[in-house]
file input_25.pdb (PDB, C-alpha atoms and all ligand atoms)
ATOM      1  CA  MET Q   1      99.640 117.286 121.784
ATOM      2  CA  THR Q   2     103.226 117.944 120.926
ATOM      3  CA  MET Q   3     104.564 119.196 117.690
ATOM      4  CA  GLU Q   4     107.996 119.313 116.181
ATOM      5  CA  ALA Q   5     108.505 121.440 113.131
ATOM      6  CA  ARG Q   6     112.028 122.059 111.962
ATOM      7  CA  CYS Q   7     112.921 123.530 108.600
ATOM      8  CA  SER Q   8     116.373 123.847 107.147
ATOM      9  CA  CYS Q   9     118.209 123.027 103.987
ATOM     10  CA  CYS Q  10     119.898 120.044 105.555
ATOM     11  CA  PRO Q  11     119.207 116.666 103.963
ATOM     12  CA  ARG Q  12     116.842 115.742 106.760
ATOM     13  CA  GLY Q  13     114.682 118.703 105.850
ATOM     14  CA  MET Q  14     111.497 119.452 107.707
ATOM     15  CA  PHE Q  15     109.752 117.153 110.125
ATOM     16  CA  ILE Q  16     106.178 117.467 111.232
ATOM     17  CA  THR Q  17     105.138 114.830 113.722
ATOM     18  CA  VAL Q  18     102.081 115.336 115.843
ATOM     19  CA  ASN Q  19      99.805 113.407 118.094
ATOM     20  CA  LEU Q  20     100.393 109.893 116.816
ATOM     21  CA  ARG Q  21      99.506 106.985 119.052
ATOM     22  CA  PRO Q  22     102.637 105.409 120.565
ATOM     23  CA  GLY Q  23     103.384 102.058 118.951
ATOM     24  CA  ALA Q  24     101.014 102.570 116.027
ATOM     25  CA  GLU Q  25     102.285 102.068 112.503
ATOM     26  CA  GLN Q  26     103.318 105.415 111.116
ATOM     27  CA  LYS Q  27     101.930 106.282 107.728
ATOM     28  CA  VAL Q  28     104.444 108.594 106.113
ATOM     29  CA  VAL Q  29     104.072 111.102 103.298
ATOM     30  CA  PHE Q  30     107.484 112.194 102.000
ATOM     31  CA  ILE Q  31     107.689 115.367  99.943
ATOM     32  CA  THR Q  32     110.720 116.884  98.213
ATOM     33  CA  ALA Q  33     111.087 120.040  96.116
ATOM     34  CA  ARG Q  34     113.547 122.188  94.209
ATOM     35  CA  VAL Q  35     115.903 119.451  93.078
ATOM     36  CA  HIS Q  36     116.123 121.576  89.932
ATOM     37  CA  PRO Q  37     117.157 125.010  91.195
ATOM     38  CA  GLY Q  38     115.633 127.036  88.376
ATOM     39  CA  GLU Q  39     112.170 125.635  89.063
ATOM     40  CA  THR Q  40     111.160 128.280  91.579
ATOM     41  CA  PRO Q  41     107.407 127.542  91.398
ATOM     42  CA  SER Q  42     108.097 124.225  93.135
ATOM     43  CA  SER Q  43     109.184 126.147  96.240
ATOM     44  CA  PHE Q  44     105.901 128.077  96.324
ATOM     45  CA  VAL Q  45     103.905 124.874  95.953
ATOM     46  CA  CYS Q  46     105.949 123.301  98.759
ATOM     47  CA  GLN Q  47     105.435 126.427 100.875
ATOM     48  CA  GLY Q  48     101.676 126.079 100.388
ATOM     49  CA  ILE Q  49     101.811 122.467 101.566
ATOM     50  CA  ILE Q  50     103.857 123.367 104.660
ATOM     51  CA  ASP Q  51     101.738 126.428 105.544
ATOM     52  CA  PHE Q  52      98.588 124.332 105.351
ATOM     53  CA  LEU Q  53      99.945 121.412 107.350
ATOM     54  CA  VAL Q  54     101.132 123.579 110.254
ATOM     55  CA  SER Q  55      97.958 125.672 110.247
ATOM     56  CA  GLN Q  56      94.949 125.419 112.537
ATOM     57  CA  HIS Q  57      92.716 124.444 109.619
ATOM     58  CA  PRO Q  58      90.520 121.531 110.750
ATOM     59  CA  ILE Q  59      91.657 119.355 107.840
ATOM     60  CA  ALA Q  60      95.292 120.010 108.742
ATOM     61  CA  LYS Q  61      94.590 118.958 112.317
ATOM     62  CA  VAL Q  62      93.042 115.686 111.149
ATOM     63  CA  LEU Q  63      96.004 115.022 108.864
ATOM     64  CA  ARG Q  64      98.479 115.657 111.676
ATOM     65  CA  ASP Q  65      96.517 113.267 113.870
ATOM     66  CA  HIS Q  66      96.948 110.394 111.429
ATOM     67  CA  LEU Q  67      99.944 110.928 109.217
ATOM     68  CA  VAL Q  68     103.610 111.842 109.414
ATOM     69  CA  PHE Q  69     104.772 114.365 106.832
ATOM     70  CA  LYS Q  70     108.466 114.557 106.091
ATOM     71  CA  ILE Q  71     109.423 117.410 103.831
ATOM     72  CA  ALA Q  72     112.766 118.299 102.255
ATOM     73  CA  PRO Q  73     111.852 121.643 100.689
ATOM     74  CA  MET Q  74     115.119 122.197  98.842
ATOM     75  CA  LEU Q  75     117.085 119.225  97.514
ATOM     76  CA  ASN Q  76     119.607 121.378  95.652
ATOM     77  CA  PRO Q  77     120.509 124.350  97.897
ATOM     78  CA  ASP Q  78     123.932 124.951  96.352
ATOM     79  CA  GLY Q  79     122.434 125.071  92.861
ATOM     80  CA  VAL Q  80     119.828 127.564  94.083
ATOM     81  CA  TYR Q  81     122.527 129.685  95.731
ATOM     82  CA  LEU Q  82     124.547 129.771  92.508
ATOM     83  CA  GLY Q  83     121.524 130.530  90.347
ATOM     84  CA  ASN Q  84     121.897 127.342  88.332
ATOM     85  CA  TYR Q  85     118.947 126.237  86.270
ATOM     86  CA  ARG Q  86     119.239 122.491  86.638
ATOM     87  CA  CYS Q  87     122.532 121.358  88.126
ATOM     88  CA  SER Q  88     124.209 121.231  91.510
ATOM     89  CA  LEU Q  89     127.482 122.935  92.415
ATOM     90  CA  MET Q  90     129.410 120.065  90.840
ATOM     91  CA  GLY Q  91     127.357 120.082  87.663
ATOM     92  CA  PHE Q  92     125.123 117.087  88.388
ATOM     93  CA  ASP Q  93     121.439 116.833  87.583
ATOM     94  CA  LEU Q  94     120.580 115.362  90.980
ATOM     95  CA  ASN Q  95     117.331 113.973  89.674
ATOM     96  CA  ARG Q  96     119.245 111.431  87.635
ATOM     97  CA  HIS Q  97     121.325 110.049  90.487
ATOM     98  CA  TRP Q  98     118.827 108.435  92.818
ATOM     99  CA  ALA Q  99     120.076 104.929  92.046
ATOM    100  CA  ASN Q 100     123.527 105.487  93.514
ATOM    101  CA  PRO Q 101     124.048 108.925  95.062
ATOM    102  CA  SER Q 102     127.488 109.679  96.414
ATOM    103  CA  PRO Q 103     127.886 111.324  99.853
ATOM    104  CA  TRP Q 104     130.520 113.708  98.470
ATOM    105  CA  ALA Q 105     129.091 114.449  94.998
ATOM    106  CA  HIS Q 106     125.362 114.445  95.823
ATOM    107  CA  PRO Q 107     125.216 114.943  99.616
ATOM    108  CA  THR Q 108     121.629 116.199  99.907
ATOM    109  CA  LEU Q 109     120.311 113.424  97.713
ATOM    110  CA  HIS Q 110     122.393 110.859  99.564
ATOM    111  CA  GLY Q 111     121.032 112.046 102.909
ATOM    112  CA  VAL Q 112     117.408 112.046 101.818
ATOM    113  CA  LYS Q 113     117.708 108.638 100.178
ATOM    114  CA  GLN Q 114     119.341 107.235 103.302
ATOM    115  CA  LEU Q 115     116.448 108.516 105.404
ATOM    116  CA  ILE Q 116     113.897 107.014 103.015
ATOM    117  CA  VAL Q 117     115.686 103.648 102.978
ATOM    118  CA  GLU Q 118     115.834 103.680 106.795
ATOM    119  CA  MET Q 119     112.088 104.234 106.913
ATOM    120  CA  TYR Q 120     111.513 101.549 104.300
ATOM    121  CA  ASN Q 121     113.433  99.068 106.461
ATOM    122  CA  ASN Q 122     111.551 100.043 109.630
ATOM    123  CA  PRO Q 123     108.594  97.679 110.130
ATOM    124  CA  LYS Q 124     106.764 100.340 112.156
ATOM    125  CA  ILE Q 125     106.781 102.780 109.259
ATOM    126  CA  ASN Q 126     104.805 102.586 106.055
ATOM    127  CA  LEU Q 127     106.006 105.136 103.528
ATOM    128  CA  GLU Q 128     102.866 105.476 101.450
ATOM    129  CA  PHE Q 129     103.482 108.574  99.331
ATOM    130  CA  TYR Q 130     106.503 110.178  97.770
ATOM    131  CA  ILE Q 131     105.902 113.407  95.854
ATOM    132  CA  ASP Q 132     108.735 115.315  94.185
ATOM    133  CA  ILE Q 133     107.736 118.848  93.142
ATOM    134  CA  HIS Q 134     109.009 120.398  89.904
ATOM    135  CA  ALA Q 135     108.062 123.158  87.468
ATOM    136  CA  HIS Q 136     107.508 122.655  83.735
ATOM    137  CA  SER Q 137     108.680 125.099  81.089
ATOM    138  CA  THR Q 138     106.312 124.148  78.256
ATOM    139  CA  MET Q 139     103.180 122.506  79.680
ATOM    140  CA  MET Q 140     100.251 124.369  81.228
ATOM    141  CA  ASN Q 141      98.517 123.623  84.545
ATOM    142  CA  GLY Q 142      99.622 121.378  87.354
ATOM    143  CA  PHE Q 143      99.864 117.678  86.542
ATOM    144  CA  MET Q 144     101.668 114.542  87.647
ATOM    145  CA  TYR Q 145     103.928 111.854  86.319
ATOM    146  CA  GLY Q 146     103.505 108.392  87.776
ATOM    147  CA  ASN Q 147     104.954 104.955  87.221
ATOM    148  CA  ILE Q 148     103.941 101.922  85.211
ATOM    149  CA  PHE Q 149     103.565  98.716  87.191
ATOM    150  CA  GLU Q 150     102.997  95.164  85.996
ATOM    151  CA  ASN Q 151     100.408  94.850  88.773
ATOM    152  CA  GLU Q 152      97.286  96.253  87.130
ATOM    153  CA  GLU Q 153      95.491  96.963  90.401
ATOM    154  CA  ARG Q 154      98.453  98.924  91.769
ATOM    155  CA  PHE Q 155      98.676 100.842  88.526
ATOM    156  CA  GLN Q 156      95.024 101.812  88.781
ATOM    157  CA  ARG Q 157      95.238 102.659  92.471
ATOM    158  CA  GLN Q 158      98.079 105.017  91.609
ATOM    159  CA  ALA Q 159      95.624 107.105  89.575
ATOM    160  CA  ILE Q 160      93.386 107.817  92.578
ATOM    161  CA  PHE Q 161      95.419 110.608  94.175
ATOM    162  CA  PRO Q 162      95.787 112.726  91.005
ATOM    163  CA  LYS Q 163      92.089 112.228  90.250
ATOM    164  CA  LEU Q 164      91.180 113.463  93.710
ATOM    165  CA  LEU Q 165      93.563 116.383  93.370
ATOM    166  CA  CYS Q 166      91.918 117.262  90.072
ATOM    167  CA  GLN Q 167      88.614 117.617  91.926
ATOM    168  CA  ASN Q 168      90.138 119.897  94.556
ATOM    169  CA  ALA Q 169      92.348 122.154  92.442
ATOM    170  CA  GLU Q 170      90.985 123.999  89.427
ATOM    171  CA  ASP Q 171      94.473 124.381  87.976
ATOM    172  CA  PHE Q 172      95.387 120.691  88.213
ATOM    173  CA  SER Q 173      94.867 118.661  85.067
ATOM    174  CA  TYR Q 174      94.309 114.929  85.216
ATOM    175  CA  SER Q 175      94.288 114.728  81.425
ATOM    176  CA  SER Q 176      97.872 116.013  81.365
ATOM    177  CA  THR Q 177      98.883 113.476  84.011
ATOM    178  CA  SER Q 178     100.767 110.521  82.569
ATOM    179  CA  PHE Q 179     102.472 107.337  83.637
ATOM    180  CA  ASN Q 180     105.700 106.171  82.085
ATOM    181  CA  ARG Q 181     108.909 104.242  82.480
ATOM    182  CA  ASP Q 182     111.125 106.072  80.037
ATOM    183  CA  ALA Q 183     114.762 105.035  80.252
ATOM    184  CA  VAL Q 184     115.807 108.684  80.432
ATOM    185  CA  LYS Q 185     113.862 109.081  83.693
ATOM    186  CA  ALA Q 186     115.323 105.982  85.368
ATOM    187  CA  GLY Q 187     117.424 107.977  87.870
ATOM    188  CA  THR Q 188     114.596 110.193  89.092
ATOM    189  CA  GLY Q 189     113.200 109.991  92.606
ATOM    190  CA  ARG Q 190     109.785 108.993  91.323
ATOM    191  CA  ARG Q 191     111.115 106.119  89.194
ATOM    192  CA  PHE Q 192     113.715 104.861  91.659
ATOM    193  CA  LEU Q 193     111.447 104.894  94.706
ATOM    194  CA  GLY Q 194     108.573 103.455  92.674
ATOM    195  CA  GLY Q 195     110.784 100.420  92.139
ATOM    196  CA  LEU Q 196     112.036 100.278  95.730
ATOM    197  CA  LEU Q 197     108.965 100.792  97.875
ATOM    198  CA  ASN Q 198     106.269  98.210  98.426
ATOM    199  CA  ASP Q 199     103.001  97.687  96.563
ATOM    200  CA  THR Q 200     101.003 100.078  98.708
ATOM    201  CA  SER Q 201     103.322 103.021  98.044
ATOM    202  CA  TYR Q 202     102.815 105.650  95.353
ATOM    203  CA  CYS Q 203     105.487 107.869  93.914
ATOM    204  CA  TYR Q 204     104.768 110.924  91.800
ATOM    205  CA  THR Q 205     106.465 113.845  90.189
ATOM    206  CA  LEU Q 206     104.224 116.882  90.660
ATOM    207  CA  GLU Q 207     104.779 119.388  87.876
ATOM    208  CA  VAL Q 208     103.403 122.904  87.710
ATOM    209  CA  SER Q 209     103.615 125.254  84.764
ATOM    210  CA  PHE Q 210     106.038 128.162  84.836
ATOM    211  CA  TYR Q 211     103.427 130.137  82.993
ATOM    212  CA  SER Q 212      99.705 129.545  83.329
ATOM    213  CA  TYR Q 213      96.748 127.237  83.705
ATOM    214  CA  ILE Q 214      93.466 126.761  81.903
ATOM    215  CA  VAL Q 215      90.388 126.050  83.971
ATOM    216  CA  GLY Q 216      88.207 123.232  82.640
ATOM    217  CA  GLY Q 217      85.446 124.434  80.335
ATOM    218  CA  THR Q 218      87.296 127.640  79.420
ATOM    219  CA  THR Q 219      89.981 128.499  76.911
ATOM    220  CA  ALA Q 220      91.630 131.500  78.550
ATOM    221  CA  ALA Q 221      95.028 130.951  80.127
ATOM    222  CA  VAL Q 222      95.254 132.277  83.672
ATOM    223  CA  PRO Q 223      98.792 133.391  84.554
ATOM    224  CA  TYR Q 224     100.148 131.707  87.640
ATOM    225  CA  THR Q 225     100.994 133.881  90.625
ATOM    226  CA  GLU Q 226     102.972 133.022  93.729
ATOM    227  CA  GLU Q 227      99.676 132.794  95.586
ATOM    228  CA  ALA Q 228      98.235 130.422  92.955
ATOM    229  CA  TYR Q 229     101.246 128.138  93.337
ATOM    230  CA  MET Q 230     100.821 128.132  97.109
ATOM    231  CA  LYS Q 231      97.128 127.421  96.693
ATOM    232  CA  LEU Q 232      97.994 124.354  94.621
ATOM    233  CA  GLY Q 233     100.206 123.267  97.517
ATOM    234  CA  ARG Q 234      97.347 123.719  99.979
ATOM    235  CA  ASN Q 235      95.100 121.686  97.717
ATOM    236  CA  VAL Q 236      97.711 118.916  97.475
ATOM    237  CA  ALA Q 237      97.802 118.747 101.278
ATOM    238  CA  ARG Q 238      94.044 118.649 101.727
ATOM    239  CA  THR Q 239      93.723 115.931  99.065
ATOM    240  CA  PHE Q 240      95.398 113.513 101.467
ATOM    241  CA  LEU Q 241      92.282 113.769 103.592
ATOM    242  CA  ASP Q 242      90.109 112.708 100.650
ATOM    243  CA  TYR Q 243      92.484 109.855  99.880
ATOM    244  CA  TYR Q 244      92.600 108.519 103.409
ATOM    245  CA  ARG Q 245      88.899 109.070 103.899
ATOM    246  CA  LEU Q 246      88.362 106.705 100.984
ATOM    247  CA  ASN Q 247      90.589 104.267 102.805
ATOM    248  CA  SER Q 248      88.549 104.868 105.984
ATOM    249  CA  LEU Q 249      91.649 105.804 107.979
ATOM    250  CA  VAL Q 250      90.180 109.160 108.941
ATOM    251  CA  GLU Q 251      86.475 108.414 108.604
ATOM    252  CA  ARG Q 252      85.452 109.074 112.172
ATOM    253  CA  PRO Q 253      87.148 112.400 112.926
ATOM    254  CA  LEU Q 254      85.579 113.873 109.827
ATOM    255  CA  ALA Q 255      82.109 113.581 111.331
ATOM    256  CA  SER Q 256      82.888 116.532 113.558
ATOM    257  CA  THR Q 257      84.942 118.425 111.006
ATOM    258  CA  PRO Q 258      83.213 121.528 109.678
ATOM    259  CA  LYS Q 259      82.849 121.800 105.938
ATOM    260  CA  THR Q 260      85.586 123.996 104.583
ATOM    261  CA  ARG Q 261      87.057 124.667 101.240
ATOM    262  CA  PHE Q 262      89.314 127.144  99.564
ATOM    263  CA  SER Q 263      87.840 129.715  97.275
ATOM    264  CA  GLY Q 264      87.950 128.596  93.694
ATOM    265  CA  ALA Q 265      88.336 124.943  94.565
ATOM    266  CA  THR Q 266      85.533 122.561  93.752
ATOM    267  CA  THR Q 267      83.966 120.521  96.527
ATOM    268  CA  SER Q 268      85.364 117.045  96.698
ATOM    269  CA  LYS Q 269      83.000 114.383  95.476
ATOM    270  CA  ALA Q 270      85.106 111.630  96.943
ATOM    271  CA  LYS Q 271      83.094 110.643  99.970
ATOM    272  CA  ASN Q 272      82.089 107.049  99.555
ATOM    273  CA  PRO Q 273      83.487 103.674  98.583
ATOM    274  CA  GLN Q 274      81.424 103.657  95.378
ATOM    275  CA  LEU Q 275      83.360 106.655  94.200
ATOM    276  CA  LEU Q 276      86.586 104.814  94.846
ATOM    277  CA  LEU Q 277      85.301 102.181  92.466
ATOM    278  CA  ASN Q 278      84.377 104.846  89.947
ATOM    279  CA  LEU Q 279      87.760 106.471  90.252
ATOM    280  CA  ILE Q 280      89.469 103.179  89.612
ATOM    281  CA  THR Q 281      87.348 102.295  86.629
ATOM    282  CA  THR Q 282      87.130 105.646  84.854
TER     283      THR Q 282
HETATM  284 ZN    ZN L 301     112.475 119.559  87.305
END

call {"tool": "encode", "arguments": {"input": "input_25.pdb", "output": "structure tokens", "more": "lines below"}}
Ligand SMILES: [Zn+2]
result
Amino acid sequence: MTMEARCSCCPRGMFITVNLRPGAEQKVVFITARVHPGETPSSFVCQGIIDFLVSQHPIAKVLRDHLVFKIAPMLNPDGVYLGNYRCSLMGFDLNRHWANPSPWAHPTLHGVKQLIVEMYNNPKINLEFYIDIHAHSTMMNGFMYGNIFENEERFQRQAIFPKLLCQNAEDFSYSSTSFNRDAVKAGTGRRFLGGLLNDTSYCYTLEVSFYSYIVGGTTAAVPYTEEAYMKLGRNVARTFLDYYRLNSLVERPLASTPKTRFSGATTSKAKNPQLLLNLITT
């Protein structure tokens, strides 16, 4: 087994490629964070994802055996360096320029988009997930934004991942998750890539509260900590196993995988095709 893990703020970000069969179609999960520099929680969530994926956790090993994760942990490094809240060095909200990023005005965005388009055009690569991590200044909990598609089945299939994540992470709220095609969001990564990628791809904005979360069945707000943000990231990563187990991609290796879960997370109920049906219809 070989492993390449490289992390930097360059547009090509972090690459984790392990143990894939030569010649097999690569299923790719692409994750970006910190396009808005003031949204520091997104970096902790991204850190949790990375820490989990490079760990020796049995679920992480199974994921590395079957998927390619490409992670750009900081899309707006100059804005972060300057302490900007939302803009880049040149004053652009990069998450409104996905449609036509310029190599000189939006270089990180341009580089990441170029990489994604290259993968999209490569018949040996199937880019199945794009998740862009943000933080929200008024909402509680973690939640997602997704897209609206004319294809009803695709629209419903898009709801599966956030529903699975809701089962794994006590701070993630499916009821706060919504799907839209607001004109004001047209230049975001989630909207642009949702229109570009094929029918089996799903693009989400993952939001997490700056402040707190409420666990289902209670009313008390639990303040987020850095550790809680990272735990959400770990739960995002492990949810890919539930998703691909439903799609039978990783059915067999799981038979020998010991049962593990993070403290505070509920056990996933997503273990059979019937549940997939339930998830689609509920
Ligand atoms: Zn944001």

call {"tool": "resolve_selection", "arguments": {"input": "input_25.pdb", "expression": "the PyMOL selection byres (((not hetatm)) within 6 of (chain L and resi 301))", "output": "list of chain:residue names"}}
result
Q:His36, Q:His134, Q:Ala135

call {"tool": "resolve_selection", "arguments": {"input": "input_25.pdb", "expression": "the PyMOL selection byres (((chain Q and resi 76) around 8) and not hetatm)", "output": "list in words"}}
result
Arg34, Val35, His36, Pro37, Met74, Leu75, Pro77, Asp78, Gly79, Val80, Ser88, Leu94 and Thr108 of chain Q

call {"tool": "closest_residue", "arguments": {"input": "input_25.pdb", "among": "Q:Ser176, Q:Thr138, Q:Asn247, Q:Thr225", "to": "Q:Ser209", "atoms": "all atoms listed in the file"}}
result
Q:Thr138

call {"tool": "atom_distance", "arguments": {"input": "input_25.pdb", "atom1": "atom CA of Q:Arg245", "atom2": "atom CA of Q:Lys124"}}
result
21.5 Å

call {"tool": "closest_residue", "arguments": {"input": "input_25.pdb", "among": "Q:Ile49, Q:Leu109, Q:Leu232, Q:Val28", "to": "Q:Ala169", "atoms": "all atoms listed in the file"}}
result
Q:Leu232

call {"tool": "residues_around", "arguments": {"input": "input_25.pdb", "residues": "Q:Val236", "least_positions_apart": "3", "cutoff": "9 Å", "atoms": "all atoms listed in the file", "output": "PyMOL selection string"}}
result
chain Q and resi 45+48-49+165+168-169+231-233+239-240

call {"tool": "atom_distance", "arguments": {"input": "input_25.pdb", "atom1": "atom CA of Q:Gly23", "atom2": "atom CA of Q:Asp199"}}
result
22.8 Å

call {"tool": "resolve_selection", "arguments": {"input": "input_25.pdb", "expression": "the PyMOL selection byres (((chain Q and resi 190) around 9) and not hetatm)", "output": "mmCIF file with C-alpha atoms, keeping the file's coordinate frame"}}
result
data_model
loop_
_atom_site.group_PDB
_atom_site.id
_atom_site.type_symbol
_atom_site.label_atom_id
_atom_site.label_comp_id
_atom_site.auth_asym_id
_atom_site.auth_seq_id
_atom_site.Cartn_x
_atom_site.Cartn_y
_atom_site.Cartn_z
ATOM 1 C CA TYR Q 130 106.503 110.178 97.770
ATOM 2 C CA ILE Q 131 105.902 113.407 95.854
ATOM 3 C CA ASP Q 132 108.735 115.315 94.185
ATOM 4 C CA TYR Q 145 103.928 111.854 86.319
ATOM 5 C CA GLY Q 146 103.505 108.392 87.776
ATOM 6 C CA ASN Q 147 104.954 104.955 87.221
ATOM 7 C CA LYS Q 185 113.862 109.081 83.693
ATOM 8 C CA ALA Q 186 115.323 105.982 85.368
ATOM 9 C CA GLY Q 187 117.424 107.977 87.870
ATOM 10 C CA THR Q 188 114.596 110.193 89.092
ATOM 11 C CA GLY Q 189 113.200 109.991 92.606
ATOM 12 C CA ARG Q 191 111.115 106.119 89.194
ATOM 13 C CA PHE Q 192 113.715 104.861 91.659
ATOM 14 C CA LEU Q 193 111.447 104.894 94.706
ATOM 15 C CA GLY Q 194 108.573 103.455 92.674
ATOM 16 C CA GLY Q 195 110.784 100.420 92.139
ATOM 17 C CA TYR Q 202 102.815 105.650 95.353
ATOM 18 C CA CYS Q 203 105.487 107.869 93.914
ATOM 19 C CA TYR Q 204 104.768 110.924 91.800
ATOM 20 C CA THR Q 205 106.465 113.845 90.189
#

call {"tool": "closest_residue", "arguments": {"input": "input_25.pdb", "among": "Q:Val68, Q:Ile214, Q:Ile59, Q:Leu241", "to": "Q:Phe161", "atoms": "only C-alpha atoms"}}
result
Q:Leu241

call {"tool": "residues_around", "arguments": {"input": "input_25.pdb", "residues": "stretch 114-123 of chain Q", "least_positions_apart": "5", "cutoff": "9 Å", "atoms": "only C-alpha atoms", "output": "ChimeraX atom specification"}}
result
/Q:11-12,25,28,30,109,193,196-198

call {"tool": "residues_around", "arguments": {"input": "input_25.pdb", "residues": "stretch 148-155 of chain Q", "least_positions_apart": "4", "cutoff": "8 Å", "atoms": "only C-alpha atoms", "output": "PyMOL selection string"}}
result
chain Q and resi 159+179-181+199-200

call {"tool": "atom_distance", "arguments": {"input": "input_25.pdb", "atom1": "atom CA of Q:Tyr81", "atom2": "atom CA of Q:Ser43"}}
result
13.8 Å

call {"tool": "closest_residue", "arguments": {"input": "input_25.pdb", "among": "Q:Ser173, Q:Ser137, Q:Thr218, Q:Ser178", "to": "Q:Pro41", "atoms": "only C-alpha atoms"}}
result
Q:Ser137

call {"tool": "residues_around", "arguments": {"input": "input_25.pdb", "residues": "Q:Met140", "least_positions_apart": "6", "cutoff": "12 Å", "atoms": "all atoms listed in the file", "output": "PyMOL selection string"}}
result
chain Q and resi 171-177+207-215+219-224

call {"tool": "residues_around", "arguments": {"input": "input_25.pdb", "residues": "Q:Phe44", "least_positions_apart": "5", "cutoff": "8 Å", "atoms": "all atoms listed in the file", "output": "number ranges by chain"}}
result
Q: 226-227, 229-230, 233

call {"tool": "write_last_selection", "arguments": {"input": "input_25.pdb", "atoms": "C-alpha atoms", "output": "PDB file, in the coordinates of the input"}}
result
ATOM      1  CA  GLU Q 226     102.972 133.022  93.729  1.00  0.00           C
ATOM      2  CA  GLU Q 227      99.676 132.794  95.586  1.00  0.00           C
ATOM      3  CA  TYR Q 229     101.246 128.138  93.337  1.00  0.00           C
ATOM      4  CA  MET Q 230     100.821 128.132  97.109  1.00  0.00           C
ATOM      5  CA  GLY Q 233     100.206 123.267  97.517  1.00  0.00           C
TER       6      GLY Q 233
END

call {"tool": "axis_aligned_box", "arguments": {"input": "input_25.pdb", "around": "stretch 116-120 of chain Q", "padding_each_side": "5 Å", "output": "JSON"}}
result
{"center_x": 113.7, "center_y": 104.3, "center_z": 104.9, "size_x": 14.3, "size_y": 15.5, "size_z": 13.9}
